[in-house]
$ cat final27.txt   # compact mmCIF, C-alpha atoms and all ligand atoms
# COMPACT_ATOMS: atom_id res chain seq x y z
CA MET A 1214 -5.48 19.48 14.18
CA PRO A 1215 -2.75 16.87 13.84
CA SER A 1216 -3.72 13.44 15.07
CA ARG A 1217 -3.49 12.21 18.64
CA PRO A 1218 -0.20 10.45 19.36
CA LEU A 1219 0.30 6.83 18.34
CA THR A 1220 0.74 4.71 21.45
CA GLY A 1221 0.47 1.13 22.72
CA ARG A 1222 1.45 -2.05 20.91
CA ILE A 1223 0.33 -3.15 17.47
CA ARG A 1224 1.14 -6.08 15.22
CA VAL A 1225 1.15 -5.65 11.44
CA PRO A 1226 0.08 -8.49 9.10
CA GLY A 1227 2.42 -11.04 7.56
CA ASP A 1228 5.06 -10.18 4.99
CA LYS A 1229 3.60 -10.01 1.48
CA SER A 1230 6.69 -11.29 -0.34
CA ILE A 1231 7.09 -14.25 2.04
CA SER A 1232 3.35 -15.01 1.93
CA HIS A 1233 3.31 -15.28 -1.89
CA ARG A 1234 6.36 -17.53 -1.81
CA SER A 1235 5.01 -19.77 0.98
CA LEU A 1236 1.96 -20.58 -1.12
CA MET A 1237 3.92 -21.08 -4.33
CA PHE A 1238 6.66 -23.25 -2.84
CA GLY A 1239 4.09 -25.20 -0.82
CA ALA A 1240 2.19 -25.87 -4.05
CA LEU A 1241 5.41 -27.12 -5.69
CA ALA A 1242 6.38 -29.43 -2.81
CA VAL A 1243 5.02 -32.96 -2.58
CA GLY A 1244 2.73 -33.14 0.46
CA ARG A 1245 1.36 -30.84 3.11
CA SER A 1246 2.83 -27.48 4.18
CA ARG A 1247 1.36 -25.37 7.01
CA ILE A 1248 1.67 -21.59 7.04
CA SER A 1249 1.05 -19.36 10.04
CA GLY A 1250 0.89 -15.59 9.85
CA LEU A 1251 0.01 -15.57 6.12
CA LEU A 1252 -1.01 -12.12 4.86
CA GLU A 1253 -4.67 -12.41 3.88
CA GLY A 1254 -4.56 -9.47 1.47
CA GLU A 1255 -6.01 -9.48 -2.05
CA ASP A 1256 -2.59 -9.88 -3.73
CA VAL A 1257 -1.78 -13.05 -1.80
CA LEU A 1258 -5.30 -14.40 -2.28
CA ALA A 1259 -4.81 -13.91 -6.05
CA THR A 1260 -1.72 -16.15 -5.84
CA ALA A 1261 -3.72 -18.76 -3.89
CA ALA A 1262 -6.55 -18.71 -6.45
CA ALA A 1263 -4.13 -19.13 -9.37
CA LEU A 1264 -2.37 -22.07 -7.70
CA ARG A 1265 -5.73 -23.71 -6.99
CA ALA A 1266 -6.68 -23.25 -10.63
CA MET A 1267 -3.52 -25.23 -11.48
CA GLY A 1268 -4.29 -28.15 -9.18
CA ALA A 1269 -2.89 -27.31 -5.73
CA HIS A 1270 -5.16 -27.68 -2.69
CA ILE A 1271 -5.02 -24.61 -0.48
CA GLU A 1272 -7.31 -24.07 2.46
CA ARG A 1273 -7.61 -21.98 5.57
CA ASP A 1274 -7.54 -24.09 8.72
CA GLY A 1275 -8.35 -22.06 11.84
CA GLY A 1276 -5.82 -19.24 11.86
CA GLU A 1277 -3.40 -21.10 9.61
CA TRP A 1278 -3.23 -22.09 5.95
CA VAL A 1279 -2.59 -25.59 4.63
CA VAL A 1280 -1.20 -26.27 1.16
CA HIS A 1281 -1.23 -29.72 -0.44
CA GLY A 1282 1.42 -29.44 -3.14
CA VAL A 1283 1.52 -31.29 -6.45
CA GLY A 1284 5.32 -31.34 -6.84
CA VAL A 1285 7.67 -29.50 -9.20
CA GLY A 1286 6.43 -30.16 -12.73
CA GLY A 1287 3.01 -31.25 -11.46
CA LEU A 1288 0.91 -28.14 -12.08
CA LEU A 1289 -2.06 -28.56 -14.42
CA GLN A 1290 -3.28 -26.33 -17.19
CA PRO A 1291 -5.77 -23.79 -15.79
CA ASP A 1292 -9.07 -23.77 -17.67
CA GLN A 1293 -9.68 -20.05 -17.15
CA ALA A 1294 -7.60 -16.90 -17.29
CA LEU A 1295 -5.59 -16.27 -14.11
CA ASP A 1296 -6.83 -12.97 -12.65
CA MET A 1297 -3.88 -11.36 -10.88
CA GLY A 1298 -5.80 -8.29 -9.68
CA ASN A 1299 -3.26 -5.62 -8.69
CA SER A 1300 -0.38 -8.00 -7.99
CA GLY A 1301 2.87 -7.75 -9.94
CA THR A 1302 4.57 -10.26 -7.66
CA SER A 1303 1.92 -12.95 -8.30
CA THR A 1304 2.13 -12.33 -12.03
CA ARG A 1305 5.89 -12.32 -12.51
CA LEU A 1306 6.68 -15.19 -10.14
CA LEU A 1307 3.92 -17.41 -11.56
CA MET A 1308 5.11 -16.64 -15.09
CA GLY A 1309 8.45 -18.07 -13.96
CA VAL A 1310 6.82 -21.20 -12.52
CA ILE A 1311 4.72 -21.83 -15.63
CA ALA A 1312 7.66 -21.18 -18.00
CA SER A 1313 9.07 -24.65 -17.32
CA HIS A 1314 5.75 -26.51 -17.16
CA GLY A 1315 4.20 -27.84 -20.38
CA ILE A 1316 1.05 -25.75 -19.97
CA THR A 1317 -0.47 -22.59 -21.39
CA ALA A 1318 -2.01 -19.84 -19.30
CA THR A 1319 -3.52 -16.40 -19.73
CA PHE A 1320 -2.85 -13.63 -17.21
CA THR A 1321 -5.18 -10.69 -16.66
CA GLY A 1322 -5.07 -7.85 -14.13
CA ASP A 1323 -6.60 -4.54 -13.08
CA ALA A 1324 -5.94 -1.20 -14.79
CA SER A 1325 -2.75 -0.58 -12.77
CA LEU A 1326 -1.22 -4.03 -13.35
CA SER A 1327 -2.16 -3.92 -17.04
CA LYS A 1328 0.18 -0.96 -17.51
CA ARG A 1329 3.22 -2.58 -15.89
CA PRO A 1330 6.15 -3.90 -17.96
CA MET A 1331 6.38 -7.67 -18.30
CA ASP A 1332 9.21 -7.69 -20.85
CA ARG A 1333 11.67 -7.88 -17.94
CA VAL A 1334 10.48 -11.46 -17.26
CA ILE A 1335 9.46 -12.30 -20.84
CA ASP A 1336 13.06 -11.80 -22.04
CA PRO A 1337 14.85 -14.35 -19.83
CA LEU A 1338 11.94 -16.82 -19.78
CA SER A 1339 11.82 -16.78 -23.60
CA THR A 1340 15.50 -17.68 -23.67
CA MET A 1341 14.63 -20.68 -21.49
CA GLY A 1342 12.09 -21.78 -24.11
CA ALA A 1343 8.72 -20.34 -23.03
CA SER A 1344 6.70 -18.34 -25.56
CA PHE A 1345 4.57 -15.27 -24.91
CA THR A 1346 1.80 -13.30 -26.56
CA PRO A 1347 1.54 -10.09 -24.53
CA SER A 1348 -0.58 -7.00 -25.21
CA PRO A 1349 1.16 -4.08 -26.93
CA GLY A 1350 4.05 -2.73 -24.86
CA GLY A 1351 4.70 -6.13 -23.26
CA THR A 1352 1.77 -5.86 -20.84
CA LEU A 1353 -1.24 -7.87 -19.62
CA PRO A 1354 -3.50 -9.44 -20.80
CA LEU A 1355 -0.87 -11.94 -21.80
CA MET A 1356 -0.89 -15.54 -22.98
CA MET A 1357 2.08 -17.78 -22.36
CA GLU A 1358 3.12 -21.31 -23.18
CA GLY A 1359 5.67 -23.03 -21.00
CA MET A 1360 8.37 -25.38 -22.25
CA GLN A 1361 9.08 -28.74 -20.64
CA PRO A 1362 11.96 -29.41 -20.51
CA ALA A 1363 13.14 -25.79 -20.48
CA VAL A 1364 16.76 -24.79 -21.11
CA PRO A 1365 18.96 -23.60 -18.22
CA ILE A 1366 20.44 -20.10 -18.65
CA THR A 1367 22.84 -17.73 -16.97
CA TYR A 1368 21.15 -14.36 -16.60
CA ARG A 1369 22.60 -11.08 -15.34
CA LEU A 1370 19.77 -8.86 -14.09
CA PRO A 1371 19.61 -5.62 -16.10
CA VAL A 1372 17.40 -4.01 -13.40
CA ALA A 1373 17.59 -4.61 -9.64
CA SER A 1374 14.45 -6.72 -9.30
CA ALA A 1375 13.69 -9.54 -6.89
CA GLN A 1376 10.68 -10.43 -9.02
CA VAL A 1377 12.81 -11.02 -12.11
CA LYS A 1378 15.43 -12.92 -10.11
CA SER A 1379 12.71 -15.09 -8.58
CA ALA A 1380 10.95 -15.72 -11.90
CA VAL A 1381 14.16 -17.13 -13.41
CA LEU A 1382 14.98 -19.22 -10.31
CA LEU A 1383 11.44 -20.62 -10.21
CA ALA A 1384 11.64 -21.54 -13.88
CA GLY A 1385 14.96 -23.21 -12.97
CA LEU A 1386 13.22 -25.49 -10.44
CA ASN A 1387 11.81 -27.68 -13.24
CA THR A 1388 14.69 -27.21 -15.68
CA PRO A 1389 17.34 -29.94 -15.94
CA GLY A 1390 20.80 -28.55 -15.15
CA THR A 1391 21.98 -25.35 -13.46
CA THR A 1392 20.12 -22.06 -13.87
CA THR A 1393 22.18 -19.06 -12.76
CA VAL A 1394 21.11 -15.51 -11.89
CA ILE A 1395 23.73 -12.81 -11.38
CA GLU A 1396 22.72 -9.79 -9.33
CA PRO A 1397 24.96 -6.72 -9.63
CA VAL A 1398 22.94 -5.17 -6.76
CA PRO A 1399 21.44 -7.41 -4.07
CA THR A 1400 17.63 -7.46 -3.84
CA ARG A 1401 15.35 -9.15 -1.31
CA ASP A 1402 16.51 -12.74 -0.85
CA HIS A 1403 13.37 -14.49 0.43
CA THR A 1404 13.25 -16.79 -2.60
CA GLU A 1405 16.78 -18.04 -1.95
CA ARG A 1406 16.28 -18.49 1.80
CA MET A 1407 12.94 -20.25 1.43
CA LEU A 1408 13.83 -22.52 -1.50
CA ARG A 1409 16.74 -23.81 0.56
CA GLY A 1410 14.32 -24.40 3.45
CA PHE A 1411 12.15 -26.45 1.07
CA GLY A 1412 15.20 -28.57 0.21
CA ALA A 1413 16.21 -27.14 -3.18
CA GLU A 1414 19.85 -27.36 -4.22
CA LEU A 1415 20.59 -23.63 -4.32
CA THR A 1416 23.88 -21.84 -3.79
CA VAL A 1417 24.73 -18.16 -3.36
CA GLU A 1418 28.23 -16.86 -4.00
CA GLU A 1419 29.90 -13.46 -4.13
CA ALA A 1420 32.06 -12.93 -7.21
CA ASP A 1421 33.60 -9.57 -8.23
CA GLY A 1422 31.12 -7.72 -6.04
CA GLU A 1423 28.13 -9.47 -7.64
CA ARG A 1424 25.80 -12.07 -6.14
CA VAL A 1425 25.65 -15.30 -8.10
CA VAL A 1426 22.67 -17.55 -7.37
CA ARG A 1427 22.55 -21.05 -8.83
CA ILE A 1428 19.70 -23.53 -8.70
CA HIS A 1429 19.99 -27.12 -9.76
CA GLY A 1430 16.95 -28.70 -11.40
CA PRO A 1431 14.77 -30.55 -11.57
CA ALA A 1432 14.29 -29.99 -7.83
CA ASP A 1433 12.41 -32.10 -5.31
CA LEU A 1434 10.79 -29.78 -2.79
CA GLN A 1435 9.92 -31.13 0.67
CA PRO A 1436 6.87 -29.64 2.42
CA CYS A 1437 7.61 -27.14 5.21
CA ASP A 1438 5.95 -25.46 8.17
CA ILE A 1439 6.40 -21.73 7.77
CA ALA A 1440 5.91 -18.83 10.20
CA VAL A 1441 5.59 -15.58 8.25
CA PRO A 1442 7.07 -12.56 10.09
CA GLY A 1443 5.34 -9.16 10.10
CA ASP A 1444 5.83 -7.09 6.95
CA PRO A 1445 8.48 -4.34 7.32
CA SER A 1446 6.82 -2.51 4.42
CA SER A 1447 3.59 -2.32 6.42
CA ALA A 1448 5.41 -1.48 9.66
CA ALA A 1449 7.08 1.45 7.85
CA PHE A 1450 3.81 3.44 7.73
CA PHE A 1451 3.54 3.22 11.51
CA ALA A 1452 7.24 3.92 12.07
CA VAL A 1453 6.91 7.16 10.09
CA ALA A 1454 3.56 8.08 11.68
CA ALA A 1455 4.96 7.62 15.21
CA SER A 1456 8.11 9.56 14.27
CA VAL A 1457 6.23 12.61 12.99
CA VAL A 1458 3.21 12.85 15.32
CA PRO A 1459 4.25 14.58 18.59
CA GLY A 1460 3.88 12.56 21.78
CA SER A 1461 3.93 9.18 20.03
CA ASP A 1462 5.49 6.12 21.66
CA LEU A 1463 4.49 2.98 19.77
CA VAL A 1464 5.69 -0.63 19.78
CA ILE A 1465 5.31 -2.47 16.47
CA GLU A 1466 5.65 -6.17 17.24
CA ASN A 1467 7.20 -8.95 15.17
CA VAL A 1468 8.68 -6.87 12.34
CA GLY A 1469 10.78 -8.73 9.77
CA LEU A 1470 14.23 -7.11 9.54
CA ASN A 1471 15.91 -9.02 6.75
CA PRO A 1472 18.88 -6.80 5.75
CA THR A 1473 17.59 -6.77 2.15
CA ARG A 1474 14.35 -5.16 3.44
CA ASP A 1475 15.17 -2.93 6.41
CA GLY A 1476 16.55 0.12 4.58
CA ILE A 1477 13.68 2.37 5.65
CA PHE A 1478 14.47 1.95 9.33
CA ARG A 1479 18.16 2.67 8.73
CA VAL A 1480 17.33 5.81 6.75
CA LEU A 1481 14.83 7.02 9.36
CA GLU A 1482 17.52 6.56 12.01
CA GLN A 1483 19.96 8.60 9.90
CA MET A 1484 17.29 11.32 9.86
CA GLY A 1485 17.18 11.27 13.66
CA ALA A 1486 14.27 8.89 14.30
CA SER A 1487 14.14 7.09 17.64
CA ILE A 1488 13.74 3.38 16.87
CA ASP A 1489 14.70 0.75 19.46
CA HIS A 1490 15.00 -2.86 18.41
CA LEU A 1491 13.53 -4.97 21.22
CA ASP A 1492 13.72 -8.75 21.65
CA GLU A 1493 15.70 -9.48 18.48
CA ARG A 1494 15.01 -13.06 17.39
CA GLU A 1495 14.44 -15.32 14.37
CA VAL A 1496 11.05 -16.22 12.88
CA GLY A 1497 10.81 -18.57 9.88
CA GLY A 1498 14.53 -18.15 9.13
CA GLU A 1499 14.26 -14.33 9.07
CA PRO A 1500 15.58 -11.81 11.64
CA VAL A 1501 12.70 -10.18 13.56
CA ALA A 1502 12.35 -7.62 16.36
CA ASP A 1503 9.73 -5.50 18.08
CA LEU A 1504 10.33 -1.87 17.15
CA ARG A 1505 9.70 0.87 19.71
CA VAL A 1506 9.28 4.15 17.84
CA ARG A 1507 9.06 7.50 19.62
CA HIS A 1508 8.36 10.91 18.17
CA ALA A 1509 11.59 12.69 17.22
CA ALA A 1510 12.72 15.78 15.35
CA LEU A 1511 13.79 14.52 11.92
CA ARG A 1512 16.38 16.20 9.69
CA GLY A 1513 16.62 16.09 5.91
CA ILE A 1514 19.39 13.98 4.40
CA GLU A 1515 20.75 12.89 1.07
CA VAL A 1516 19.62 9.27 0.73
CA ASP A 1517 22.35 6.97 -0.61
CA PRO A 1518 20.97 5.42 -3.85
CA ALA A 1519 22.73 2.15 -2.93
CA ILE A 1520 20.20 1.61 -0.13
CA ALA A 1521 17.22 1.87 -2.52
CA PRO A 1522 16.72 -1.86 -3.26
CA SER A 1523 16.37 -2.60 0.48
CA MET A 1524 13.53 -0.06 0.81
CA ILE A 1525 12.15 0.06 -2.72
CA ASP A 1526 8.49 0.00 -1.58
CA GLU A 1527 9.04 2.48 1.27
CA PHE A 1528 9.93 5.64 -0.67
CA PRO A 1529 6.35 6.97 -0.73
CA VAL A 1530 6.22 7.02 3.07
CA LEU A 1531 9.84 8.21 3.33
CA PHE A 1532 8.75 11.28 1.32
CA VAL A 1533 6.17 11.95 4.05
CA ALA A 1534 8.88 11.75 6.72
CA ALA A 1535 11.00 14.11 4.57
CA ALA A 1536 8.10 16.56 4.36
CA MET A 1537 8.09 16.82 8.17
CA ALA A 1538 11.89 16.98 8.62
CA GLU A 1539 14.06 20.04 9.16
CA GLY A 1540 15.81 20.87 5.88
CA THR A 1541 16.00 19.20 2.51
CA THR A 1542 15.89 15.49 1.66
CA VAL A 1543 17.37 14.48 -1.68
CA THR A 1544 16.62 11.11 -3.31
CA LYS A 1545 17.93 9.82 -6.62
CA GLY A 1546 18.46 6.63 -8.60
CA LEU A 1547 14.77 5.74 -8.25
CA HIS A 1548 13.72 5.09 -11.88
CA GLU A 1549 12.09 1.83 -10.78
CA LEU A 1550 9.54 3.79 -8.76
CA ARG A 1551 7.98 4.90 -12.03
CA VAL A 1552 6.89 1.32 -12.89
CA LYS A 1553 5.37 0.20 -9.58
CA GLU A 1554 1.59 -0.01 -8.94
CA SER A 1555 1.68 3.64 -10.07
CA ASP A 1556 4.41 6.08 -11.08
CA ARG A 1557 5.25 6.66 -7.43
CA LEU A 1558 7.48 9.68 -8.02
CA ALA A 1559 4.78 11.54 -9.96
CA ALA A 1560 1.94 10.34 -7.72
CA MET A 1561 3.68 11.36 -4.48
CA ALA A 1562 4.93 14.66 -5.92
CA CYS A 1563 1.40 15.59 -6.90
CA ALA A 1564 -0.21 14.34 -3.67
CA LEU A 1565 2.28 16.04 -1.34
CA GLN A 1566 2.16 19.34 -3.25
CA MET A 1567 -1.60 19.30 -2.90
CA THR A 1568 -1.23 19.05 0.87
CA GLY A 1569 1.18 21.96 1.21
CA VAL A 1570 4.63 20.42 0.73
CA SER A 1571 7.24 22.09 -1.48
CA LEU A 1572 9.29 19.72 -3.53
CA LYS A 1573 10.90 19.18 -6.88
CA GLU A 1574 10.41 16.10 -9.01
CA THR A 1575 13.48 15.05 -11.00
CA ASP A 1576 13.93 12.27 -13.51
CA ASP A 1577 14.86 9.73 -10.87
CA GLY A 1578 13.85 11.11 -7.50
CA LEU A 1579 12.22 13.83 -5.38
CA ILE A 1580 13.85 16.72 -3.54
CA VAL A 1581 11.61 17.49 -0.59
CA GLU A 1582 11.72 20.66 1.53
CA GLY A 1583 10.78 19.73 5.10
CA SER A 1584 8.46 21.76 7.34
CA GLY A 1585 10.79 21.42 10.34
CA GLY A 1586 8.11 19.56 12.29
CA LYS A 1587 5.27 22.03 11.62
CA PRO A 1588 2.04 20.26 10.61
CA LEU A 1589 1.35 20.09 6.87
CA SER A 1590 -1.70 22.07 5.75
CA GLY A 1591 -3.54 18.99 4.43
CA GLY A 1592 -6.32 18.94 1.84
CA GLY A 1593 -7.08 16.83 -1.20
CA PRO A 1594 -8.65 14.74 -2.58
CA VAL A 1595 -5.35 13.24 -3.71
CA THR A 1596 -5.29 10.66 -6.49
CA THR A 1597 -3.97 7.26 -5.48
CA HIS A 1598 -3.93 5.66 -8.98
CA LEU A 1599 -5.01 2.22 -7.61
CA ASP A 1600 -1.81 2.19 -5.53
CA HIS A 1601 -2.13 0.95 -1.95
CA ARG A 1602 1.15 2.53 -0.85
CA ILE A 1603 0.16 5.99 -2.10
CA ALA A 1604 -3.12 5.71 -0.19
CA MET A 1605 -1.43 4.64 3.06
CA SER A 1606 1.41 7.16 2.77
CA MET A 1607 -1.05 10.00 2.30
CA ALA A 1608 -3.12 8.73 5.23
CA VAL A 1609 0.06 9.07 7.32
CA ALA A 1610 0.54 12.60 5.90
CA GLY A 1611 -3.02 13.26 7.03
CA LEU A 1612 -2.10 12.39 10.63
CA ALA A 1613 0.62 15.04 10.49
CA SER A 1614 -1.58 17.76 8.98
CA ARG A 1615 -3.90 20.50 10.25
CA GLU A 1616 -6.93 19.68 8.11
CA GLY A 1617 -6.34 16.00 7.36
CA VAL A 1618 -5.79 14.56 3.89
CA GLU A 1619 -8.58 13.23 1.73
CA VAL A 1620 -7.65 10.34 -0.59
CA ASP A 1621 -9.81 9.48 -3.61
CA SER A 1622 -10.02 5.80 -2.71
CA ILE A 1623 -8.90 3.62 0.17
CA GLU A 1624 -9.93 0.38 -1.53
CA PRO A 1625 -6.43 -0.50 -2.87
CA ILE A 1626 -5.19 -0.75 0.73
CA ALA A 1627 -6.85 -4.18 0.94
CA THR A 1628 -4.28 -5.57 -1.51
CA SER A 1629 -1.54 -5.56 1.14
CA PHE A 1630 -2.83 -4.32 4.51
CA PRO A 1631 -6.55 -5.03 5.06
CA ASN A 1632 -6.61 -3.83 8.69
CA PHE A 1633 -4.56 -0.64 8.14
CA SER A 1634 -7.37 1.77 9.11
CA ALA A 1635 -8.35 -0.32 12.14
CA LEU A 1636 -4.73 -0.30 13.39
CA ILE A 1637 -4.44 3.48 12.87
CA GLU A 1638 -7.58 3.89 14.95
CA GLU A 1639 -6.28 1.54 17.60
CA ALA A 1640 -2.91 3.32 17.83
CA THR A 1641 -4.44 6.81 17.98
CA ALA A 1642 -7.35 5.92 20.31
C1 LIG B 1701 8.82 -7.93 -4.60
C2 LIG B 1701 9.85 -7.27 -5.24
C3 LIG B 1701 9.83 -5.81 -5.52
C4 LIG B 1701 8.77 -5.09 -4.68
C5 LIG B 1701 7.46 -5.83 -4.67
C6 LIG B 1701 7.64 -7.22 -4.09
C7 LIG B 1701 8.94 -9.39 -4.39
O1 LIG B 1701 9.54 -5.61 -6.88
O2 LIG B 1701 8.57 -3.78 -5.18
O3 LIG B 1701 6.51 -5.14 -3.90
O4 LIG B 1701 8.17 -9.94 -3.58
O5 LIG B 1701 9.81 -10.01 -5.01
P1 LIG B 1701 10.68 -5.53 -8.01
O6 LIG B 1701 11.24 -6.88 -8.19
O7 LIG B 1701 9.93 -5.06 -9.23
O8 LIG B 1701 11.66 -4.51 -7.51
$ encode --input "final27.txt" --output "structure tokens" --more "lines below"
Ligand code: S3P
Amino acid sequence: MPSRPLTGRIRVPGDKSISHRSLMFGALAVGRSRISGLLEGEDVLATAAALRAMGAHIERDGGEWVVHGVGVGGLLQPDQALDMGNSGTSTRLLMGVIASHGITATFTGDASLSKRPMDRVIDPLSTMGASFTPSPGGTLPLMMEGMQPAVPITYRLPVASAQVKSAVLLAGLNTPGTTTVIEPVPTRDHTERMLRGFGAELTVEEADGERVVRIHGPADLQPCDIAVPGDPSSAAFFAVAASVVPGSDLVIENVGLNPTRDGIFRVLEQMGASIDHLDEREVGGEPVADLRVRHAALRGIEVDPAIAPSMIDEFPVLFVAAAMAEGTTVTKGLHELRVKESDRLAAMACALQMTGVSLKETDDGLIVEGSGGKPLSGGGPVTTHLDHRIAMSMAVAGLASREGVEVDSIEPIATSFPNFSALIEEATA
């Protein structure tokens, strides 16, 4: 039997991208920053542990977090390898920070992270003067030596990646002169917004349809009090679940709706989802609203590849929505999904087929045939490949299925959304 409807009001944890950055920028400011709403998931805790190992003081104080920063250029050499767990964001952003500090560091990670490409950050950071000894294929474990002073560069991103953009800008913080990143396609802009909030001299300009971001170093960062909004990537699982389970009427409170992150909600609306934005406001310099999501008949669409960067982590759960829609959903231009915590095109194709969905996997996307609202058959166990978003997406598919979906492991969910199962229970109680 499909699940009971999702009803009531829930609040998802803090945004993962903003949480990582709050800790890092707090550690690079001189003095005390306070953070409320920090995501206490394993990925963010890996960032905190690495920053502590390099001299920052970071502690939990009641419901908030306090960071005593050491200043740009003030990080110390860690005396042990930095264990990044599953977290690509921690790894790539910290590689950027260390690149312009005169210290060496070794990065290690779990089996998933150890397969992910690091050459995308190694290339620009090497040009700035840092040196790297990665494992074969440009992967972790990896040793790096920063360069102080580093050399400012102008770098045009060859892939749409906020992690690469941020790594170069963070290296630019302690680099004398102007470091420039050119983005042909805009990606999430939390680094730019927050660095300005911390007092960095950073400008963003549009030129010939590209975004040009410049940071002037060395920067003096002032400590900040930060309120982290709810993570739209986490809210997306509940928005899809409430859309596909009949009878649902759910309010998801305090969802961050930065236009570089809200693509999933726009695409769901194009598919016919009923999503009301209530009490639109600003939290921590980011647009936020409460989302009221009611069950609706979804229809398949062709997803515009241009929207992909603003929902890059939400495709796994979009494929679940597509599986329940009327008609065919076509996605393309999604090569990047193959180098996330897992190959998300292959992992979702395999998992959804196992639970009764017909689809075709292409080079750069999935073409999903929807059931027209009929419950999926369910089944499993599906393989999650140490990927939290595959596990949560297939849990949502389970809610919309006759027999439920068994996933091989729910442990990876703790990297980004520790109370996911508790909130599902609460919403379906
Ligand atoms: C992130 C950027 C994205 C996203 C990741 C978080 C960030 O990665 O997938 O979950 O916080 O900058 P890419 O830069 O690889 O697209």
$ closest_residue --input "final27.txt" --among "A:Gly1569, A:Pro1349, A:Pro1399, A:Gly1250" --to "ligand LIG 1701 (chain B)" --atoms "all atoms listed in the file"
A:Pro1399
$ closest_residue --input "final27.txt" --among "A:Met1407, A:Leu1383, A:Val1552, A:Ile1465" --to "ligand LIG 1701 (chain B)" --atoms "all atoms listed in the file"
A:Val1552
$ residues_around --input "final27.txt" --residues "Glu1574 (chain A)" --least-positions-apart "3" --cutoff "10 Å" --atoms "all atoms listed in the file" --output "PDB file with C-alpha atoms, in the frame of the given file"
ATOM      1  CA  THR A1544      16.620  11.110  -3.310  1.00  0.00           C
ATOM      2  CA  LEU A1558       7.480   9.680  -8.020  1.00  0.00           C
ATOM      3  CA  ALA A1559       4.780  11.540  -9.960  1.00  0.00           C
ATOM      4  CA  MET A1561       3.680  11.360  -4.480  1.00  0.00           C
ATOM      5  CA  ALA A1562       4.930  14.660  -5.920  1.00  0.00           C
ATOM      6  CA  CYS A1563       1.400  15.590  -6.900  1.00  0.00           C
ATOM      7  CA  ASP A1577      14.860   9.730 -10.870  1.00  0.00           C
ATOM      8  CA  GLY A1578      13.850  11.110  -7.500  1.00  0.00           C
ATOM      9  CA  LEU A1579      12.220  13.830  -5.380  1.00  0.00           C
ATOM     10  CA  ILE A1580      13.850  16.720  -3.540  1.00  0.00           C
ATOM     11  CA  VAL A1581      11.610  17.490  -0.590  1.00  0.00           C
TER      12      VAL A1581
END
$ residues_around --input "final27.txt" --residues "Gly1585 (chain A)" --least-positions-apart "3" --cutoff "7 Å" --atoms "all atoms listed in the file" --output "PyMOL selection string"
chain A and resi 1537-1540
$ closest_atom_pairs --input "final27.txt" --of "chain A" --to "ligand LIG 1701 (chain B)" --cutoff "7 Å" --atoms "all atoms listed in the file" --output "Markdown table"
| residue | atom | partner | partner_atom | distance |
| --- | --- | --- | --- | --- |
| A:Lys1229 | CA | B:LIG1701 | O4 | 6.8 |
| A:Ser1230 | CA | B:LIG1701 | O4 | 3.8 |
| A:Thr1302 | CA | B:LIG1701 | O4 | 5.5 |
| A:Ala1373 | CA | B:LIG1701 | O8 | 6.3 |
| A:Ser1374 | CA | B:LIG1701 | O6 | 3.4 |
| A:Ala1375 | CA | B:LIG1701 | O6 | 3.8 |
| A:Gln1376 | CA | B:LIG1701 | O6 | 3.7 |
| A:Val1377 | CA | B:LIG1701 | O6 | 5.9 |
| A:Ser1379 | CA | B:LIG1701 | O5 | 6.9 |
| A:Arg1401 | CA | B:LIG1701 | O5 | 6.7 |
| A:Ile1525 | CA | B:LIG1701 | O2 | 5.8 |
| A:Asp1526 | CA | B:LIG1701 | O2 | 5.2 |
| A:Lys1553 | CA | B:LIG1701 | O2 | 6.7 |
$ axis_aligned_box --input "final27.txt" --around "region 1515-1530 of chain A" --padding-each-side "8 Å" --output "lines of an AutoDock Vina configuration file"
center_x = 14.5
center_y = 5.1
center_z = -0.4
size_x = 32.5
size_y = 31.5
size_z = 22.9
$ atom_distance --input "final27.txt" --atom1 "CA of Leu1236 (chain A)" --atom2 "CA of Ser1555 (chain A)"
25.8 Å
$ atom_distance --input "final27.txt" --atom1 "CA of Thr1340 (chain A)" --atom2 "CA of Val1364 (chain A)"
7.7 Å
$ atom_distance --input "final27.txt" --atom1 "CA of Val1283 (chain A)" --atom2 "CA of Leu1434 (chain A)"
10.1 Å
$ closest_residue --input "final27.txt" --among "A:Leu1463, A:Ile1271, A:Leu1370, A:Met1607" --to "Ile1248 (chain A)" --atoms "only C-alpha atoms"
A:Ile1271
$ closest_residue --input "final27.txt" --among "A:Arg1505, A:Ser1461, A:Gly1476, A:Val1398" --to "Ile1488 (chain A)" --atoms "all atoms listed in the file"
A:Arg1505
$ residues_around --input "final27.txt" --residues "Gly1385 (chain A)" --least-positions-apart "3" --cutoff "8 Å" --atoms "all atoms listed in the file" --output "VMD selection string"
chain A and resid 1313 1365 1381 to 1382 1388 to 1389 1391 to 1392 1428 to 1431
$ closest_atom_pairs --input "final27.txt" --of "region 1321-1353 of chain A" --to "region 1619-1635 of chain A" --cutoff "12 Å" --atoms "only C-alpha atoms" --output "CSV"
residue,atom,partner,partner_atom,distance
A:Asp1323,CA,A:Pro1625,CA,11.0
A:Ala1324,CA,A:Pro1625,CA,12.0
A:Ser1325,CA,A:Pro1625,CA,10.6
$ residues_near_point --input "final27.txt" --point "(2.1, -18.3, -0.1)" --cutoff "12 Å" --atoms "all atoms listed in the file" --output "PyMOL selection string"
chain A and resi 1227-1241+1246-1254+1256-1265+1269+1271-1273+1277-1282+1302-1303+1306-1307+1403-1404+1407+1437-1441
$ residues_around --input "final27.txt" --residues "Thr1220 (chain A)" --least-positions-apart "6" --cutoff "9 Å" --atoms "all atoms listed in the file" --output "PyMOL selection string"
chain A and resi 1455+1460-1464+1507+1639-1642
